[in-house]
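One structure is given here, and the rest of the page talks about it.
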Amino acid sequence: MKVMKFGGTSVGSAQRMKDVCRLITQDSTPNMIVLSAMSGTTNTLVEISDYLYKKNPEGANNVINQLEQKYRQHVDELYATEEYKQKTLDFLKDEFDYLRSFTKILFTSFEEKVVLAQGEVISTNMVTNYLKECGVKTILLSALDFMRTDKNSEPDFNYIKEKINELLAANPGYQIYITQGFICRNAYGEVDNLQRGGSDYTACLIGAAIKSEEIQIWTDIDGMHNNDPRIVDKTKPVRQLHFEEAAELAYFGAKILHPTCIQPAKFAGVPVRLLNTMDPSAPGTIINNEFQEGKIKAVAAKDNIISIQVHSSRMLLAYGFLRKVFEIFESYKTSIDMVSTSEVGVSVTIDNKSYLKDIVADLMKYGTVTVKENMCIICVVGDLSRDNVGFESQAAKALKDIPVQMISYGGSNHNISFLINEEDKKSALQALSDTLFNN
Ligand code: ADP
Ligand code: ASP
Ligand code: MG
């Protein structure tokens, strides 16, 4: 069985849904399909939630009604028979009445999670009905029955593995198994999600849990590009990445993949293939265990980074200083991305500023603390082992005109990261592309 995930644009119109159905029914073996909400829907659900938080039911109802109209049009275009048109319209009526019911009750983060979940609930129902209308043996498995997070809001992999395998064993003989990306239940059984872009994570968790032959992430571009195509000109697809390289790129801002989705695939050893729904025969990118020597593969950038520098002459020749500093971050459940040390100080970066004030107050016991916000990590990925002499200097040379605040190199064999001001991001990414890939 393959796991095939289709993102928002891939299911963004009635025609796209039909294209997806053609793609997923080409194999003789069954496939597990993970779908996102139609593009724009989750953003609209966020907008509705904002109105509800602000106690503006009229604003929310207007947006809900507009969204309902759009979906009714999709139904008109998608189904050929009156039976399936009516069936889906009835389903949509219940769905939108349900959304309207939130305008009459107290709205908290719990209700918001339920509202945000409806985009995937709707898209999977529509596609399931279309496949059934086409005579394909299809079953819709609710992600809320097997996707679950633990008390730390991390996926509960053992639970997911047990439940999805039970569900598949109890429902043999289907050609297509469909489920929702993004949505799950938390440790208390409440509706929750895997953060924005989380459908990739759902697909990789399922692929690892059922040990699928491959996890395919179908999107609107022909694979992982060597730089961010939204920012830089002339980017090109990278044909192959090691799990570690892809994980690094996803974590450091390559939006094509959810930041942590590669981990489960890597642990299970299931290859991940990135493919383009708009050009299905394009080769895309394969992510597996192979490591290509002597190549710089790609660059990514992560915004909203905060740098914290602790300067202390007490660090000189002292032991235990770094432990004390790191313990402060641990006590505030704040993870550190980059680290750089000298004899008299340490600099770190974080991306979560929820506890910034408390962290700084605690760090001040150990020295002078300087905080800078609006920073950006630029991450260069590829063969950056020390034997590959000169590659790190090429990356540094590309950034010769850009003020660099920190460099992190040697933490692994396939990454070098630079901390710069956010305003220099575009020129840094372009300079890296020009130097590393375009000559
Ligand atoms: P989906 O809705 O299918 O999940 P996303 O919008 O989340 O799609 O991800 C695909 C988009 O990621 C592309 O359209 C592209 O603009 C963006 N992107 C950012 N960095 C990269 C990269 N390095 N390679 C490919 N796409 C990237
Ligand atoms: N629909 C969700 C979002 O827009 C999840 C996803 O598309 O992966 O973030
Ligand atoms: Mg995405």
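Naming works like this for the structure tokens: A, B, ... for the chains as they're shown, residue 1 at the start of each chain, ligands 1 onward in shown order.
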Task: Contacts of stretch 47-61 of chain A within 8 Å, only C-alpha atoms, excl. fewer than 4 positions in-chain, as a list in words - done: Asn43, Asn65, Arg100, Phe102, Thr103, Lys104, Phe107, Thr108, Glu112 and Val115 of chain A
Store the residues picked out above, limited to C-alpha atoms, as an mmCIF file, in the first residue's frame.
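Everything below was put into again.cif:
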data_model
loop_
_atom_site.group_PDB
_atom_site.id
_atom_site.type_symbol
_atom_site.label_atom_id
_atom_site.label_comp_id
_atom_site.auth_asym_id
_atom_site.auth_seq_id
_atom_site.Cartn_x
_atom_site.Cartn_y
_atom_site.Cartn_z
ATOM 1 C CA ASN A 43 -7.663 30.319 6.430
ATOM 2 C CA ASN A 65 -22.577 31.810 4.267
ATOM 3 C CA ARG A 100 -23.336 28.371 12.443
ATOM 4 C CA PHE A 102 -20.761 28.066 17.106
ATOM 5 C CA THR A 103 -22.086 31.637 16.792
ATOM 6 C CA LYS A 104 -24.528 30.893 19.618
ATOM 7 C CA PHE A 107 -16.125 30.353 21.935
ATOM 8 C CA THR A 108 -12.858 29.051 23.389
ATOM 9 C CA GLU A 112 -11.730 26.784 17.564
ATOM 10 C CA VAL A 115 -14.071 24.689 13.631
#
Task: Residues within 10 Å of ligand 2, counting only C-alpha atoms and all ligand atoms, as a ChimeraX atom specification - done: /A:5-9,34-46,116-120,123,180-183,193-203,256-258
Kindly provide the residues of chain A that approach ligand 1 to within 6 Å, each paired with its closest atom pair and their distance in Å to one decimal, based on only C-alpha atoms and all ligand atoms, listed by chain and increasing number, as a tab-separated table.
residue	atom	partner	partner_atom_place_in_ligand_line	distance
A:Gly7	CA	ligand 1	3 (O)	3.2
A:Gly8	CA	ligand 1	2 (O)	4.1
A:Thr9	CA	ligand 1	2 (O)	5.4
A:Gly197	CA	ligand 1	7 (O)	5.7
A:Thr219	CA	ligand 1	3 (O)	3.7
A:Asp220	CA	ligand 1	14 (O)	5.3
A:Ile221	CA	ligand 1	14 (O)	5.5
A:Gly223	CA	ligand 1	25 (C)	5.7
A:Met224	CA	ligand 1	24 (N)	3.7
A:His225	CA	ligand 1	24 (N)	3.7
A:Asn226	CA	ligand 1	23 (N)	5.7
A:Asn227	CA	ligand 1	23 (N)	4.7
A:Asp228	CA	ligand 1	20 (N)	4.0
A:Pro229	CA	ligand 1	16 (O)	5.7
A:Arg230	CA	ligand 1	16 (O)	5.2
A:Ala254	CA	ligand 1	20 (N)	4.0
A:Lys255	CA	ligand 1	19 (C)	4.2
A:Ile256	CA	ligand 1	9 (O)	3.5
Export of prior selection with N, CA and C atoms as a CSV table (one decimal), in the first residue's frame:
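This is the output file part_30.csv:
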chain,number,residue,atom,x,y,z
A,7,GLY,N,-2.4,18.1,-1.1
A,7,GLY,CA,-2.5,19.4,-0.4
A,7,GLY,C,-3.7,20.2,-0.9
A,8,GLY,N,-3.8,21.4,-0.3
A,8,GLY,CA,-5.0,22.2,-0.6
A,8,GLY,C,-5.2,22.6,-2.0
A,9,THR,N,-4.1,22.9,-2.7
A,9,THR,CA,-4.3,23.3,-4.1
A,9,THR,C,-4.7,22.1,-4.9
A,197,GLY,N,-0.3,23.2,8.0
A,197,GLY,CA,0.5,22.4,7.1
A,197,GLY,C,0.6,20.9,7.6
A,219,THR,N,1.7,18.0,-4.4
A,219,THR,CA,1.5,19.4,-4.2
A,219,THR,C,1.5,20.2,-5.5
A,220,ASP,N,1.8,21.5,-5.4
A,220,ASP,CA,1.6,22.3,-6.6
A,220,ASP,C,3.0,22.7,-7.2
A,221,ILE,N,4.0,21.9,-6.9
A,221,ILE,CA,5.3,22.2,-7.4
A,221,ILE,C,6.1,20.9,-7.6
A,223,GLY,N,8.5,19.2,-6.7
A,223,GLY,CA,9.5,18.6,-5.8
A,223,GLY,C,10.1,19.7,-4.9
A,224,MET,N,11.1,19.3,-4.1
A,224,MET,CA,11.8,20.3,-3.2
A,224,MET,C,12.8,21.0,-4.1
A,225,HIS,N,12.7,22.4,-4.2
A,225,HIS,CA,13.6,23.2,-5.0
A,225,HIS,C,14.8,23.5,-4.2
A,226,ASN,N,15.9,23.9,-4.9
A,226,ASN,CA,17.2,24.2,-4.2
A,226,ASN,C,17.2,25.5,-3.4
A,227,ASN,N,16.1,26.3,-3.5
A,227,ASN,CA,15.9,27.5,-2.7
A,227,ASN,C,14.4,27.8,-2.7
A,228,ASP,N,14.0,28.8,-1.9
A,228,ASP,CA,12.6,29.1,-1.8
A,228,ASP,C,12.1,29.8,-3.1
A,229,PRO,N,11.2,29.1,-3.9
A,229,PRO,CA,10.8,29.7,-5.1
A,229,PRO,C,9.9,30.9,-5.0
A,230,ARG,N,9.4,31.1,-3.8
A,230,ARG,CA,8.6,32.3,-3.5
A,230,ARG,C,9.4,33.6,-3.4
A,254,ALA,N,11.5,25.3,4.6
A,254,ALA,CA,11.1,24.9,3.2
A,254,ALA,C,9.6,24.5,3.4
A,255,LYS,N,8.7,25.4,3.0
A,255,LYS,CA,7.3,25.3,3.3
A,255,LYS,C,6.6,24.0,2.6
A,256,ILE,N,7.3,23.5,1.6
A,256,ILE,CA,6.7,22.3,0.9
A,256,ILE,C,6.5,21.2,1.9
- [ ] List the neighbours of A:Gln73 out to 12 Å using only C-alpha atoms; skip same-chain residues closer than 3 positions along the sequence, and give me the result as a PyMOL selection string.
- [x] chain A and resi 13-15+66-70+76-79+85+88-89+92
How would the residues just picked look written out with C-alpha atoms as a compact mmCIF listing (two decimals), in the first residue's frame?
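Just written: result-v8.txt:
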# COMPACT_ATOMS: atom_id res chain seq x y z
CA SER A 13 -11.55 22.87 -7.25
CA ALA A 14 -14.01 20.28 -8.56
CA GLN A 15 -11.74 19.66 -11.57
CA GLN A 66 -20.08 32.87 1.58
CA LEU A 67 -18.06 29.71 2.14
CA GLU A 68 -21.21 27.58 1.91
CA GLN A 69 -22.09 29.16 -1.45
CA LYS A 70 -18.64 28.30 -2.82
CA ASP A 76 -22.66 21.31 -8.96
CA GLU A 77 -19.47 20.82 -10.97
CA LEU A 78 -18.22 17.65 -9.29
CA TYR A 79 -21.07 15.16 -9.47
CA LYS A 85 -25.41 15.97 -5.77
CA THR A 88 -23.45 15.91 -0.78
CA LEU A 89 -25.66 19.00 -0.50
CA LEU A 92 -22.89 20.30 3.44
Open item on the list: Residues of stretch 114-218 of chain A classed as alpha helix (DSSP H) by DSSP on the backbone are to be reported as a PyMOL selection string.
Closed with: chain A and resi 114-133+157-170+199-209
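Distances from A:Phe321, A:Tyr177, A:Phe91, A:Phe110 to A:Thr25 were compared using only C-alpha atoms, and the smallest one belongs to A:Tyr177.
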Task: For atom CA of A:Thr277 and atom CA of A:Cys184, the interatomic separation in Å (one decimal) - done: 25.4 Å
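Using only C-alpha atoms, the shortest contact distance between A:Met278 and any of A:Ala398, A:Val20, A:Val339, A:Cys134 is found at A:Val20.
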TODO: Taking the DSSP assignment computed from this structure's backbone, write out as a PyMOL selection string all residues of stretch 80-210 of chain A that belong to strand (DSSP E).
DONE: chain A and resi 138-140+176-180+183-185+191-193
Near A:Glu330, within 12 Å and counting only C-alpha atoms, which residues show up once chain neighbours fewer than 5 positions away are dropped, as a JSON list (two decimals) with all heavy atoms, in the first residue's frame?
[["chain", "number", "residue", "atom", "x", "y", "z"],
["A", 323, "ARG", "N", 25.74, 24.28, 31.10],
["A", 323, "ARG", "CA", 24.63, 23.49, 31.64],
["A", 323, "ARG", "C", 23.61, 24.41, 32.31],
["A", 323, "ARG", "O", 22.40, 24.31, 32.08],
["A", 323, "ARG", "CB", 25.12, 22.43, 32.64],
["A", 323, "ARG", "CG", 23.98, 21.63, 33.25],
["A", 323, "ARG", "CD", 24.45, 20.56, 34.23],
["A", 323, "ARG", "NE", 25.32, 21.08, 35.28],
["A", 323, "ARG", "CZ", 24.90, 21.73, 36.35],
["A", 323, "ARG", "NH1", 23.61, 21.97, 36.52],
["A", 323, "ARG", "NH2", 25.75, 22.18, 37.25],
["A", 324, "LYS", "N", 24.12, 25.35, 33.11],
["A", 324, "LYS", "CA", 23.21, 26.25, 33.83],
["A", 324, "LYS", "C", 22.38, 27.08, 32.84],
["A", 324, "LYS", "O", 21.19, 27.30, 33.04],
["A", 324, "LYS", "CB", 24.00, 27.18, 34.75],
["A", 324, "LYS", "CG", 24.58, 26.46, 35.94],
["A", 324, "LYS", "CD", 25.36, 27.42, 36.80],
["A", 324, "LYS", "CE", 26.28, 26.65, 37.75],
["A", 324, "LYS", "NZ", 27.53, 27.34, 37.99],
["A", 325, "VAL", "N", 23.04, 27.53, 31.79],
["A", 325, "VAL", "CA", 22.33, 28.33, 30.79],
["A", 325, "VAL", "C", 21.24, 27.49, 30.11],
["A", 325, "VAL", "O", 20.08, 27.89, 30.02],
["A", 325, "VAL", "CB", 23.32, 28.90, 29.75],
["A", 325, "VAL", "CG1", 22.60, 29.45, 28.53],
["A", 325, "VAL", "CG2", 24.18, 29.99, 30.38],
["A", 335, "SER", "N", 12.83, 25.34, 23.12],
["A", 335, "SER", "CA", 13.95, 24.64, 22.51],
["A", 335, "SER", "C", 14.86, 25.62, 21.77],
["A", 335, "SER", "O", 14.43, 26.66, 21.29],
["A", 335, "SER", "CB", 13.47, 23.51, 21.60],
["A", 335, "SER", "OG", 12.83, 24.06, 20.50],
["A", 336, "ILE", "N", 16.12, 25.23, 21.72],
["A", 336, "ILE", "CA", 17.17, 26.06, 21.13],
["A", 336, "ILE", "C", 17.49, 25.51, 19.75],
["A", 336, "ILE", "O", 17.59, 24.30, 19.57],
["A", 336, "ILE", "CB", 18.43, 26.01, 22.03],
["A", 336, "ILE", "CG1", 18.12, 26.70, 23.37],
["A", 336, "ILE", "CG2", 19.63, 26.63, 21.35],
["A", 336, "ILE", "CD1", 19.21, 26.53, 24.40],
["A", 350, "ILE", "N", 16.21, 31.04, 19.54],
["A", 350, "ILE", "CA", 14.95, 30.35, 19.82],
["A", 350, "ILE", "C", 13.90, 30.88, 18.83],
["A", 350, "ILE", "O", 14.09, 31.94, 18.24],
["A", 350, "ILE", "CB", 14.47, 30.57, 21.27],
["A", 350, "ILE", "CG1", 14.29, 32.06, 21.57],
["A", 350, "ILE", "CG2", 15.44, 29.96, 22.26],
["A", 350, "ILE", "CD1", 13.64, 32.34, 22.94],
["A", 355, "TYR", "N", 8.11, 32.65, 26.66],
["A", 355, "TYR", "CA", 8.71, 32.85, 27.99],
["A", 355, "TYR", "C", 9.96, 33.72, 27.93],
["A", 355, "TYR", "O", 10.81, 33.65, 28.83],
["A", 355, "TYR", "CB", 9.05, 31.49, 28.61],
["A", 355, "TYR", "CG", 7.84, 30.62, 28.81],
["A", 355, "TYR", "CD1", 7.57, 29.57, 27.93],
["A", 355, "TYR", "CD2", 6.95, 30.85, 29.85],
["A", 355, "TYR", "CE1", 6.45, 28.78, 28.09],
["A", 355, "TYR", "CE2", 5.83, 30.06, 30.02],
["A", 355, "TYR", "CZ", 5.58, 29.03, 29.14],
["A", 355, "TYR", "OH", 4.47, 28.26, 29.30],
["A", 359, "ILE", "N", 12.97, 33.98, 30.72],
["A", 359, "ILE", "CA", 14.28, 33.40, 30.37],
["A", 359, "ILE", "C", 15.36, 34.46, 30.56],
["A", 359, "ILE", "O", 16.40, 34.21, 31.19],
["A", 359, "ILE", "CB", 14.26, 32.86, 28.91],
["A", 359, "ILE", "CG1", 13.37, 31.62, 28.82],
["A", 359, "ILE", "CG2", 15.68, 32.54, 28.43],
["A", 359, "ILE", "CD1", 13.12, 31.10, 27.41],
["A", 362, "ASP", "N", 16.16, 35.17, 34.18],
["A", 362, "ASP", "CA", 16.98, 34.12, 34.80],
["A", 362, "ASP", "C", 18.42, 34.16, 34.29],
["A", 362, "ASP", "O", 19.37, 33.96, 35.05],
["A", 362, "ASP", "CB", 16.37, 32.74, 34.52],
["A", 362, "ASP", "CG", 15.14, 32.48, 35.37],
["A", 362, "ASP", "OD1", 14.70, 33.42, 36.05],
["A", 362, "ASP", "OD2", 14.62, 31.34, 35.33]]
Could you list, as a short mmCIF file (atom, residue, chain, number, x, y, z; two decimals) with N, CA and C atoms, in the first residue's frame, every residue within 9 Å of A:Thr128, counting only C-alpha atoms and ignoring same-chain residues fewer than 6 positions away?
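result.cif, written as the output of this step:
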data_model
loop_
_atom_site.label_atom_id
_atom_site.label_comp_id
_atom_site.auth_asym_id
_atom_site.auth_seq_id
_atom_site.Cartn_x
_atom_site.Cartn_y
_atom_site.Cartn_z
N THR A 138 -14.56 2.45 -2.09
CA THR A 138 -13.89 3.46 -1.27
C THR A 138 -14.43 3.47 0.15
N ILE A 139 -13.54 3.65 1.13
CA ILE A 139 -14.01 3.82 2.51
C ILE A 139 -13.33 5.05 3.13
N LEU A 140 -14.12 5.82 3.84
CA LEU A 140 -13.59 7.00 4.54
C LEU A 140 -13.35 6.62 6.00
N ILE A 176 -9.70 2.09 -2.30
CA ILE A 176 -9.22 3.38 -1.79
C ILE A 176 -9.66 3.56 -0.34
N ILE A 178 -9.60 6.52 2.48
CA ILE A 178 -9.38 7.98 2.54
C ILE A 178 -9.42 8.42 4.00
#
Stretch 326-349 of chain A near stretch 404-428 of chain A within 10 Å: what's each residue's closest atom pair and its distance in Å to one decimal, counting only C-alpha atoms, ordered by chain then ascending residue number, as CSV?
residue,atom,partner,partner_atom,distance
A:Asp337,CA,A:Ser408,CA,9.7
A:Met338,CA,A:Ser408,CA,6.4
A:Val339,CA,A:Ser408,CA,6.8
A:Ser340,CA,A:Ser408,CA,6.6
A:Thr341,CA,A:Met406,CA,9.8
A:Ser347,CA,A:Met406,CA,7.9
A:Val348,CA,A:Met406,CA,8.8
A:Thr349,CA,A:Leu419,CA,8.6
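Here atom CA of A:Ser312 is placed at a distance of 6.6 Å from atom CA of A:Tyr366.
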Open item on the list: Using only C-alpha atoms and all ligand atoms, can you tell me which of A:Val238, A:Asn165, A:Pro259, A:Phe96 comes closest to ligand 3?
Closed with: A:Pro259
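Contact shell of A:Gly207 at 10 Å (only C-alpha atoms; same-chain neighbours under 6 positions omitted): Met1, Lys2, Val3, Met4, Met32, Lys161, Tyr201, Glu213, Glu214, Ile215, Gln216, Pro264, Ala265, Ala268, Gly269, Val270, Pro271 and Val272 of chain A.
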